[in-house]
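Student: So here's final.txt, just compact mmCIF, N, CA and C atoms:
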# COMPACT_ATOMS: atom_id res chain seq x y z
N MET A 144 188.23 125.85 105.57
CA MET A 144 187.88 124.79 106.49
C MET A 144 187.67 123.46 105.76
N LYS A 145 187.00 123.52 104.60
CA LYS A 145 186.76 122.30 103.84
C LYS A 145 188.08 121.71 103.34
N ARG A 146 189.03 122.58 102.99
CA ARG A 146 190.32 122.09 102.51
C ARG A 146 191.06 121.36 103.62
N LYS A 147 190.99 121.89 104.85
CA LYS A 147 191.67 121.25 105.97
C LYS A 147 191.06 119.88 106.24
N PHE A 148 189.73 119.82 106.18
CA PHE A 148 189.07 118.54 106.42
C PHE A 148 189.42 117.53 105.32
N ALA A 149 189.42 117.98 104.08
CA ALA A 149 189.77 117.09 102.96
C ALA A 149 191.21 116.61 103.09
N PHE A 150 192.10 117.50 103.48
CA PHE A 150 193.50 117.12 103.66
C PHE A 150 193.64 116.11 104.80
N ALA A 151 192.95 116.36 105.91
CA ALA A 151 193.02 115.44 107.06
C ALA A 151 192.43 114.07 106.69
N ALA A 152 191.34 114.08 105.94
CA ALA A 152 190.73 112.82 105.53
C ALA A 152 191.65 112.06 104.58
N ALA A 153 192.28 112.76 103.67
CA ALA A 153 193.22 112.11 102.74
C ALA A 153 194.42 111.56 103.49
N ALA A 154 194.92 112.30 104.46
CA ALA A 154 196.07 111.84 105.25
C ALA A 154 195.69 110.60 106.05
N ALA A 155 194.50 110.60 106.64
CA ALA A 155 194.06 109.44 107.42
C ALA A 155 193.89 108.23 106.51
N ALA A 156 193.34 108.43 105.33
CA ALA A 156 193.18 107.33 104.38
C ALA A 156 194.53 106.78 103.95
N LEU A 157 195.49 107.66 103.77
CA LEU A 157 196.84 107.24 103.38
C LEU A 157 197.50 106.42 104.49
N VAL A 158 197.34 106.84 105.73
CA VAL A 158 197.90 106.11 106.87
C VAL A 158 197.25 104.73 106.98
N LEU A 159 195.94 104.67 106.84
CA LEU A 159 195.24 103.39 106.90
C LEU A 159 195.66 102.47 105.76
N ALA A 160 195.81 103.01 104.58
CA ALA A 160 196.24 102.20 103.44
C ALA A 160 197.65 101.67 103.65
N ALA A 161 198.53 102.49 104.20
CA ALA A 161 199.90 102.05 104.46
C ALA A 161 199.92 100.95 105.52
N ALA A 162 199.10 101.10 106.55
CA ALA A 162 199.03 100.07 107.60
C ALA A 162 198.49 98.76 107.03
N TRP A 163 197.46 98.84 106.21
CA TRP A 163 196.89 97.63 105.61
C TRP A 163 197.91 96.97 104.69
N LEU A 164 198.61 97.77 103.87
CA LEU A 164 199.60 97.22 102.95
C LEU A 164 200.74 96.55 103.71
N THR A 165 201.15 97.15 104.81
CA THR A 165 202.21 96.56 105.63
C THR A 165 201.77 95.20 106.16
N ASP A 166 200.54 95.12 106.66
CA ASP A 166 200.04 93.84 107.18
C ASP A 166 199.86 92.83 106.05
N PHE A 167 199.34 93.26 104.92
CA PHE A 167 199.08 92.36 103.80
C PHE A 167 200.37 91.80 103.22
N SER A 168 201.43 92.61 103.21
CA SER A 168 202.69 92.17 102.61
C SER A 168 203.55 91.35 103.56
N SER A 169 203.17 91.29 104.82
CA SER A 169 203.96 90.52 105.79
C SER A 169 203.27 89.19 106.08
N GLY A 170 204.03 88.30 106.67
CA GLY A 170 203.48 86.99 107.01
C GLY A 170 204.19 86.41 108.21
N MET A 171 203.74 85.25 108.64
CA MET A 171 204.38 84.59 109.78
C MET A 171 205.71 83.98 109.35
N ASP A 172 206.53 83.66 110.34
CA ASP A 172 207.80 83.01 110.07
C ASP A 172 207.55 81.64 109.44
N PRO A 173 208.40 81.23 108.52
CA PRO A 173 208.24 79.90 107.93
C PRO A 173 208.23 78.79 108.98
N GLN A 174 209.04 78.94 110.03
CA GLN A 174 209.08 77.91 111.08
C GLN A 174 207.72 77.77 111.75
N GLU A 175 207.04 78.89 111.97
CA GLU A 175 205.72 78.83 112.60
C GLU A 175 204.71 78.17 111.66
N ALA A 176 204.75 78.51 110.39
CA ALA A 176 203.84 77.90 109.42
C ALA A 176 204.08 76.40 109.33
N ILE A 177 205.34 75.99 109.34
CA ILE A 177 205.67 74.56 109.26
C ILE A 177 205.22 73.83 110.52
N ARG A 178 205.37 74.46 111.69
CA ARG A 178 204.88 73.84 112.93
C ARG A 178 203.37 73.63 112.86
N LYS A 179 202.66 74.63 112.37
CA LYS A 179 201.21 74.50 112.26
C LYS A 179 200.83 73.43 111.24
N LEU A 180 201.55 73.37 110.14
CA LEU A 180 201.32 72.32 109.14
C LEU A 180 201.57 70.94 109.74
N SER A 181 202.61 70.83 110.55
CA SER A 181 202.90 69.55 111.22
C SER A 181 201.77 69.15 112.15
N GLY A 182 201.19 70.12 112.84
CA GLY A 182 200.04 69.83 113.71
C GLY A 182 198.85 69.31 112.92
N LEU A 183 198.60 69.91 111.77
CA LEU A 183 197.51 69.43 110.91
C LEU A 183 197.78 68.00 110.45
N ARG A 184 199.02 67.74 110.06
CA ARG A 184 199.38 66.40 109.59
C ARG A 184 199.30 65.37 110.72
N MET A 185 199.65 65.77 111.92
CA MET A 185 199.55 64.86 113.06
C MET A 185 198.09 64.52 113.34
N SER A 186 197.21 65.50 113.26
CA SER A 186 195.80 65.22 113.50
C SER A 186 195.24 64.29 112.42
N LEU A 187 195.70 64.44 111.19
CA LEU A 187 195.29 63.51 110.12
C LEU A 187 195.79 62.10 110.39
N ALA A 188 197.03 61.99 110.87
CA ALA A 188 197.59 60.67 111.17
C ALA A 188 196.81 59.99 112.29
N LEU A 189 196.44 60.75 113.32
CA LEU A 189 195.65 60.18 114.42
C LEU A 189 194.28 59.71 113.91
N TYR A 190 193.67 60.50 113.07
CA TYR A 190 192.38 60.12 112.50
C TYR A 190 192.51 58.84 111.68
N ALA A 191 193.53 58.78 110.83
CA ALA A 191 193.73 57.62 109.97
C ALA A 191 194.08 56.37 110.77
N MET A 192 194.78 56.53 111.90
CA MET A 192 195.11 55.37 112.74
C MET A 192 193.85 54.73 113.29
N GLU A 193 192.89 55.56 113.67
CA GLU A 193 191.65 55.02 114.22
C GLU A 193 190.72 54.49 113.14
N GLY A 194 190.62 55.21 112.03
CA GLY A 194 189.67 54.84 111.00
C GLY A 194 190.24 54.00 109.88
N LYS A 195 191.55 53.78 109.91
CA LYS A 195 192.24 52.97 108.90
C LYS A 195 192.27 53.60 107.50
N THR A 196 191.74 54.79 107.37
CA THR A 196 191.73 55.49 106.09
C THR A 196 191.70 57.00 106.34
N PRO A 197 192.25 57.79 105.43
CA PRO A 197 192.16 59.24 105.59
C PRO A 197 190.70 59.70 105.51
N PRO A 198 190.39 60.84 106.08
CA PRO A 198 189.00 61.32 106.05
C PRO A 198 188.57 61.76 104.65
N ALA A 199 187.28 61.70 104.41
CA ALA A 199 186.73 62.15 103.13
C ALA A 199 186.79 63.67 103.01
N ALA A 200 186.77 64.36 104.14
CA ALA A 200 186.88 65.82 104.19
C ALA A 200 187.65 66.18 105.45
N PHE A 201 188.39 67.27 105.40
CA PHE A 201 189.19 67.63 106.57
C PHE A 201 188.30 67.96 107.77
N ALA A 202 187.09 68.42 107.53
CA ALA A 202 186.17 68.73 108.63
C ALA A 202 185.89 67.50 109.49
N ASP A 203 186.03 66.31 108.92
CA ASP A 203 185.83 65.07 109.69
C ASP A 203 186.86 64.94 110.81
N VAL A 204 188.06 65.45 110.60
CA VAL A 204 189.11 65.41 111.62
C VAL A 204 188.70 66.25 112.82
N ILE A 205 188.17 67.43 112.55
CA ILE A 205 187.72 68.31 113.63
C ILE A 205 186.49 67.70 114.31
N GLY A 206 185.58 67.16 113.51
CA GLY A 206 184.38 66.53 114.06
C GLY A 206 184.69 65.33 114.94
N ALA A 207 185.78 64.62 114.64
CA ALA A 207 186.18 63.45 115.43
C ALA A 207 186.98 63.84 116.67
N GLY A 208 187.24 65.13 116.84
CA GLY A 208 187.96 65.59 118.03
C GLY A 208 189.47 65.45 117.95
N LYS A 209 190.02 65.22 116.78
CA LYS A 209 191.48 65.09 116.63
C LYS A 209 192.16 66.45 116.55
N LEU A 210 191.38 67.48 116.32
CA LEU A 210 191.88 68.85 116.24
C LEU A 210 190.74 69.77 116.64
N GLU A 211 191.04 70.73 117.51
CA GLU A 211 189.99 71.64 117.96
C GLU A 211 189.53 72.56 116.83
N GLU A 212 190.49 73.13 116.13
CA GLU A 212 190.20 73.99 114.98
C GLU A 212 191.46 74.11 114.13
N ALA A 213 191.30 74.49 112.90
CA ALA A 213 192.46 74.68 112.03
C ALA A 213 193.21 75.93 112.48
N PRO A 214 194.53 75.87 112.51
CA PRO A 214 195.30 77.05 112.92
C PRO A 214 195.27 78.13 111.85
N THR A 215 195.46 79.34 112.29
CA THR A 215 195.51 80.48 111.36
C THR A 215 196.83 80.48 110.61
N LEU A 216 196.75 80.71 109.32
CA LEU A 216 197.92 80.82 108.47
C LEU A 216 197.93 82.22 107.85
N LYS A 217 199.06 82.90 107.94
CA LYS A 217 199.20 84.23 107.32
C LYS A 217 200.51 84.26 106.55
N LEU A 218 200.39 84.24 105.24
CA LEU A 218 201.54 84.31 104.36
C LEU A 218 201.60 85.69 103.72
N PRO A 219 202.79 86.13 103.31
CA PRO A 219 202.89 87.42 102.64
C PRO A 219 202.01 87.47 101.39
N TRP A 220 201.34 88.60 101.20
CA TRP A 220 200.48 88.88 100.05
C TRP A 220 199.22 88.03 100.01
N HIS A 221 198.84 87.48 101.16
CA HIS A 221 197.59 86.74 101.29
C HIS A 221 196.90 87.17 102.58
N LEU A 222 195.59 87.02 102.62
CA LEU A 222 194.84 87.30 103.84
C LEU A 222 195.01 86.15 104.82
N ARG A 223 194.77 86.43 106.10
CA ARG A 223 194.80 85.38 107.12
C ARG A 223 193.69 84.37 106.82
N SER A 224 193.98 83.11 107.13
CA SER A 224 192.99 82.07 106.89
C SER A 224 193.15 80.97 107.94
N ALA A 225 192.04 80.52 108.47
CA ALA A 225 192.04 79.39 109.41
C ALA A 225 191.12 78.31 108.88
N ARG A 226 191.08 78.19 107.58
CA ARG A 226 190.19 77.23 106.92
C ARG A 226 191.03 76.23 106.14
N VAL A 227 190.59 74.98 106.14
CA VAL A 227 191.24 73.95 105.32
C VAL A 227 190.27 73.62 104.19
N ARG A 228 190.66 73.95 102.97
CA ARG A 228 189.82 73.68 101.80
C ARG A 228 190.04 72.25 101.33
N ASP A 229 188.97 71.56 101.03
CA ASP A 229 189.05 70.23 100.42
C ASP A 229 189.22 70.43 98.91
N VAL A 230 190.26 69.80 98.36
CA VAL A 230 190.56 69.95 96.93
C VAL A 230 190.74 68.57 96.30
N PRO A 231 190.49 68.43 95.00
CA PRO A 231 190.60 67.12 94.36
C PRO A 231 192.03 66.67 94.06
N SER A 232 192.98 67.61 94.06
CA SER A 232 194.37 67.25 93.78
C SER A 232 195.29 68.26 94.44
N ARG A 233 196.58 68.00 94.35
CA ARG A 233 197.55 68.89 94.97
C ARG A 233 197.93 70.05 94.05
N ALA A 234 197.13 70.34 93.07
CA ALA A 234 197.37 71.47 92.18
C ALA A 234 197.27 72.77 92.98
N VAL A 235 198.29 73.58 92.92
CA VAL A 235 198.34 74.82 93.69
C VAL A 235 197.51 75.89 92.99
N THR A 236 196.57 76.48 93.72
CA THR A 236 195.74 77.55 93.18
C THR A 236 196.03 78.89 93.83
N ASP A 237 197.01 78.94 94.72
CA ASP A 237 197.49 80.17 95.34
C ASP A 237 196.44 80.90 96.19
N THR A 238 195.75 80.15 97.03
CA THR A 238 194.81 80.79 97.95
C THR A 238 195.52 81.34 99.18
N GLY A 239 196.72 80.85 99.45
CA GLY A 239 197.45 81.30 100.63
C GLY A 239 196.97 80.64 101.91
N GLY A 240 196.21 79.58 101.80
CA GLY A 240 195.68 78.89 102.97
C GLY A 240 196.03 77.41 102.95
N TRP A 241 195.37 76.67 103.83
CA TRP A 241 195.58 75.22 103.91
C TRP A 241 194.70 74.54 102.87
N ALA A 242 195.16 73.41 102.35
CA ALA A 242 194.35 72.61 101.43
C ALA A 242 194.55 71.13 101.76
N TYR A 243 193.49 70.35 101.58
CA TYR A 243 193.49 68.92 101.87
C TYR A 243 193.01 68.15 100.64
N VAL A 244 193.81 67.20 100.18
CA VAL A 244 193.44 66.40 99.00
C VAL A 244 192.46 65.32 99.45
N ASN A 245 191.21 65.43 98.98
CA ASN A 245 190.17 64.51 99.45
C ASN A 245 189.65 63.57 98.36
N ALA A 246 190.36 63.44 97.26
CA ALA A 246 189.94 62.54 96.18
C ALA A 246 190.66 61.20 96.34
N PRO A 247 189.93 60.13 96.68
CA PRO A 247 190.57 58.83 96.90
C PRO A 247 191.38 58.31 95.71
N ALA A 248 191.03 58.70 94.50
CA ALA A 248 191.76 58.22 93.33
C ALA A 248 193.09 58.96 93.12
N ASP A 249 193.26 60.08 93.78
CA ASP A 249 194.49 60.86 93.61
C ASP A 249 195.62 60.25 94.44
N PRO A 250 196.83 60.18 93.91
CA PRO A 250 197.95 59.61 94.67
C PRO A 250 198.29 60.40 95.94
N ASP A 251 197.88 61.66 96.00
CA ASP A 251 198.13 62.50 97.18
C ASP A 251 196.96 62.51 98.16
N PHE A 252 196.00 61.61 97.98
CA PHE A 252 194.83 61.55 98.86
C PHE A 252 195.26 61.51 100.32
N GLY A 253 194.64 62.37 101.11
CA GLY A 253 194.92 62.40 102.54
C GLY A 253 196.03 63.35 102.94
N GLN A 254 196.58 64.10 102.01
CA GLN A 254 197.66 65.03 102.34
C GLN A 254 197.12 66.44 102.51
N VAL A 255 197.69 67.14 103.47
CA VAL A 255 197.38 68.55 103.67
C VAL A 255 198.63 69.35 103.30
N PHE A 256 198.43 70.49 102.67
CA PHE A 256 199.56 71.29 102.22
C PHE A 256 199.21 72.77 102.24
N ILE A 257 200.23 73.61 102.07
CA ILE A 257 200.05 75.05 102.00
C ILE A 257 199.80 75.41 100.54
N ASP A 258 198.65 75.97 100.25
CA ASP A 258 198.26 76.29 98.88
C ASP A 258 198.76 77.69 98.51
N CYS A 259 200.05 77.77 98.20
CA CYS A 259 200.65 79.05 97.84
C CYS A 259 201.75 78.82 96.81
N SER A 260 201.74 79.62 95.76
CA SER A 260 202.73 79.48 94.70
C SER A 260 203.95 80.38 94.91
N HIS A 261 203.94 81.17 95.97
CA HIS A 261 205.07 82.07 96.24
C HIS A 261 206.18 81.33 96.98
N ARG A 262 207.29 82.00 97.14
CA ARG A 262 208.45 81.43 97.84
C ARG A 262 208.58 82.02 99.23
N ASP A 263 209.13 81.23 100.15
CA ASP A 263 209.41 81.72 101.49
C ASP A 263 210.72 82.53 101.44
N PRO A 264 211.14 83.12 102.56
CA PRO A 264 212.37 83.94 102.54
C PRO A 264 213.63 83.18 102.11
N LYS A 265 213.63 81.86 102.21
CA LYS A 265 214.80 81.08 101.79
C LYS A 265 214.68 80.60 100.34
N GLY A 266 213.63 81.00 99.65
CA GLY A 266 213.48 80.66 98.25
C GLY A 266 212.73 79.37 97.97
N ARG A 267 212.18 78.73 98.99
CA ARG A 267 211.43 77.48 98.80
C ARG A 267 209.95 77.82 98.56
N PHE A 268 209.31 77.07 97.69
CA PHE A 268 207.88 77.28 97.48
C PHE A 268 207.13 76.82 98.73
N TRP A 269 206.14 77.62 99.16
CA TRP A 269 205.36 77.25 100.34
C TRP A 269 204.67 75.91 100.13
N SER A 270 204.27 75.62 98.93
CA SER A 270 203.53 74.38 98.65
C SER A 270 204.40 73.14 98.73
N GLU A 271 205.72 73.30 98.82
CA GLU A 271 206.62 72.14 98.89
C GLU A 271 206.70 71.53 100.28
N PHE A 272 206.25 72.24 101.28
CA PHE A 272 206.38 71.72 102.65
C PHE A 272 205.37 70.63 102.91
For this file, produce the structure as structure tokens.

Tutor:
Amino acid sequence: MKRKFAFAAAAAALVLAAAWLTDFSSGMDPQEAIRKLSGLRMSLALYAMEGKTPPAAFADVIGAGKLEEAPTLKLPWHLRSARVRDVPSRAVTDTGGWAYVNAPADPDFGQVFIDCSHRDPKGRFWSEF
């Protein structure tokens, strides 16, 4: 009886691990990710049009009502994320999420990008979009 239970538990764990690995290794279509990135950039543009300058933090865009919330991003080999991290430069750290350059001295100040060092199905780096 104990062997049957151990076998069933091992089989269930294997099925769960396979399901998790399948989800972890898959991601959204590049077109969907680019559409969501465009939405983030549009909200930044609206904020900058009113304030004459990019926000000091991406949370200011949401606080000003230019965006209800950051969209969820799911790239292959990364967890889902609906957070925009404020970063000092456009250096890719491979978080698999959104990043916003909030350092006024940086030439990329005010830009939002996909923080991923992997390539999309067409061979383009996600961070290039």

Student: From the options A:Pro231, A:Pro264, A:Pro219, A:Gly206, which residue's atoms come nearest to Phe252 in chain A, counting all atoms listed in the file?

Tutor: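 Using all atoms listed in the file, the shortest distance to Phe252 in chain A belongs to A:Pro231.
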
Student: List the spatial neighbours of range 234-237 of chain A as a PyMOL selection string - criterion: any atom at most 5 Å away, all atoms listed in the file, same-chain residues fewer than 6 positions off excluded.

Tutor: chain A and resi 258-260

Student: In Å, rounded to a single decimal, give me how far atom C of Asn245 in chain A is from atom N of Gly208 in chain A.

Tutor: 18.7 Å

Student: Which residues, written as JSON, numbers by chain, have at least one atom at most 7 Å from Leu189 in chain A, with all atoms listed in the file counted and residues fewer than 5 positions away on the same chain left out?

Tutor: {"A": [184, 194, 209]}

Student: Go ahead and dump the residues you just picked, N, CA and C atoms, as a PDB file, in the frame of the given file.

Tutor:
ATOM      1  N   ARG A 184     199.020  67.740 110.060  1.00  0.00           N
ATOM      2  CA  ARG A 184     199.380  66.400 109.590  1.00  0.00           C
ATOM      3  C   ARG A 184     199.300  65.370 110.720  1.00  0.00           C
ATOM      4  N   GLY A 194     190.620  55.210 112.030  1.00  0.00           N
ATOM      5  CA  GLY A 194     189.670  54.840 111.000  1.00  0.00           C
ATOM      6  C   GLY A 194     190.240  54.000 109.880  1.00  0.00           C
ATOM      7  N   LYS A 209     190.020  65.220 116.780  1.00  0.00           N
ATOM      8  CA  LYS A 209     191.480  65.090 116.630  1.00  0.00           C
ATOM      9  C   LYS A 209     192.160  66.450 116.550  1.00  0.00           C
TER      10      LYS A 209
END

Student: Quick one: pull the distance between CA of Ser169 in chain A and CA of Gly239 in chain A, Å, one decimal.

Tutor: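 Those two atoms sit 12.4 Å apart.
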